[in-house]
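For reference, the structure discussed in these notes is given below.
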Amino acid sequence: MERNKVLAEVQDIFRDVLDEEEIVLTDATSADDIEEWDSLSHIQLIVAIEKHFKIKFTSKEILSWKNVGELVDSTMSKLA
Amino acid sequence: MAFNTLAFLLFFVVVFTLYWFPLKGRTKAQNVLLLLSSWFFYGYASLKMLPGLILVTVAYYGLGLAIKSSKTERGAGALKTLGVLLGVGMLLWFKYLNFFIESFATAFHTSVYTFKLIMPVGLSFITFRLMSYVMEIHRGRVEPTKDFVSFATYVAFFPCVLSGPIDRPTFIGQLQKERSFDYDQAAEGVRQFLWGLAKKVLIADRCVYLIDPVWEDLSSASGSTLLMVAILYSFQMYTDFSGYSDMAIGVGKLMGFRIAKNFNYPFFATNVAEYWRRWHMSLTSWLTDYVFMPLNVAFRNIGKVGMCIAIVINMVVVGLWHGANWTYGAFGLYHGLLFVPLVLSGAFMKKHKLKTGRFDLPSLKDLAKMLLTFALVTIGLIIFRAENVAQAWQFICGMMHLETFKGLWMLFLDHDFMTRTGLIVILLILEWRNRKLEFPLVALKNHHWAVRWGVYVTLVCMLVMLWGKNLTFLYVDF
């Protein structure tokens, strides 16, 4: 799957989970840029992404992402 | 050398003068001064433990560099685990060992040997700073520093070393940047220090005299007296600890630093989850990152039940962090259980924004929620303050008595209670009106100089008039 497509699908998940249609993700987007994205909603986002792509992240991956780019990189590596 | 002593004032004047005059613009020399003064400050509190502080600082400095240079992921993980175990081990050894031994002896009706251990001052705060350093390096979110002076200053920075706030390793970045004297920031630092000192001297220290004697003889106290003591203790704890934090942050600003925020008007929280987002924030955010989040990640596939388990464990850790006593464990468990309905109803996830009507007053619904939250928190603090769980239960039963409500009117005739309540009401009004600011006195900067100085002079006069014995800060014991 292409990287842009993964990013677009992750963006849809963010909009759905955080209930905010205006969210636009780039690789550099971090939790500081989206008010609703906190430590609690982070878990909901992970569960939704794992379910959608049928993948499983490790705890270390989940706790070490600094931005959306790194999240998408991890997702891509699982899909490869 | 507590902040509210002449010794600290003299110490700080010397450090401040050297820092901003002969050493101005020389970042490395300023950091050496900060480190030496921080070690002096720590040695002044506990000279015996100073070599230990230096030793663990060297150990974690080396561990940070070793994690980064480790060739394998497994090696880096093992070093991080070593760092965490060392930190937890220090806490267990100094804080909890005798408690475990005594609990074991009580349970099995046997006599045992306990160790004569002196807990290093500030241990809980120092170990948390050290552990977050190795964990952040392992997560790849922070680079280890080769600059030992900056690292050691981060660990022992004198405003925070004894009672927090618990800064994160990103603070090292602030130490490595050049600082220029900013008059506005320094003035804000003085205002915040003054605000913290006022809370400590005018409210916390004046409540102690009403609270402590009652706790010493609970059986002879009436229900309404117990209720009064419970309410006053919540405010004593808040004004003492937030007062200390404001003073630490104020000192930090005077030296050109932004220390982590620790309180955000917790008594305006409308539920317990919100309260914990506003109370001792540097500790709760630390535990959120390193205890709650990993647990929540591990339990993520069992939904809300997983979240409940993670939060209850997290809150028990919050309680036990304060020390080795079943009361702290019970305090944590009590708060953890209060979260359960919030998680199940979904209220835990929502950040409630206060709506205000005319005259900037909260709605009745929000006010009722704030009062309920305050009542729940106050019950928690009774457990926290008690010497054992049985005493806490005795206090709560004594307070929840029909006689308490019959005797309530007597509180209004109690001169001591009413003077403290008057000051607390003034505090709450000032906090409510300025709740969007970091602390209420920030608002002064936009006022005419005459108003500003009027407030300063009034506060200083009140401090001089009401200055009691220099009571220590409650959180120094942790």
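Naming works like this for the structure tokens: A, B, ... for the chains as they're shown, residue 1 at the start of each chain, ligands 1 onward in shown order.
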
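Every chain B residue lying within 10 Å of chain A, based on only C-alpha atoms, is listed here: Glu136, Ile137, His138, Arg139, Gly140, Arg141, Ser285, Thr288, Asp289, Tyr290, Phe292, Met293, Pro294, Leu295, Asn296, Val297, Ala298, Phe299, Arg300, Asn301, Gly303, Met307, Phe348, Met349, Lys350 and Lys351 of chain B.
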
Contact residues around Leu23 of chain B with only C-alpha atoms at 12 Å, ignoring same-chain residues under 3 positions, as a PyMOL selection string:
chain B and resi 15-20+26-34+178-181

Filtered DSSP result for chain A, state alpha helix (DSSP H), as number ranges by chain:
A: 3-18, 39-53, 59-64, 68-79

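In this structure, atom CA of Asp217 of chain B sits 17.8 Å away from atom CA of His401 of chain B.
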
Show me, as an NGL selection string, the residues that have an atom within 6 Å of Phe193 of chain B when counting only C-alpha atoms, minus same-chain residues fewer than 5 positions from it.
:B and (246-247 or 250)

Could you take the residues named above and write them with N, CA and C atoms, as a compact mmCIF listing (two decimals), in the first residue's frame?
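Once everything was written out, this is result12.txt:
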# COMPACT_ATOMS: atom_id res chain seq x y z
N ASP B 246 4.80 27.21 43.85
CA ASP B 246 4.86 28.56 43.30
C ASP B 246 6.19 29.23 43.64
N MET B 247 6.66 29.00 44.87
CA MET B 247 7.93 29.61 45.27
C MET B 247 9.09 29.01 44.45
N GLY B 250 8.85 30.36 40.97
CA GLY B 250 9.25 31.78 41.01
C GLY B 250 10.76 31.92 41.06

Quick one: residues within 7 Å of segment 80-88 of chain B, only C-alpha atoms counted, chain neighbours fewer than 2 positions away excluded, as a PyMOL selection string?
chain B and resi 67+76-78+90-92+127+131+134-135+138

Hey, which of A:Asp73, A:Ile49, A:Ala28, A:Leu79 ends up closest to Val10 of chain A? Count only C-alpha atoms.
A:Ile49

Of the listed residues B:Trp286, B:Tyr244, B:Trp467, B:Phe374, that which approaches Ala269 of chain B most closely, counting only C-alpha atoms
B:Phe374
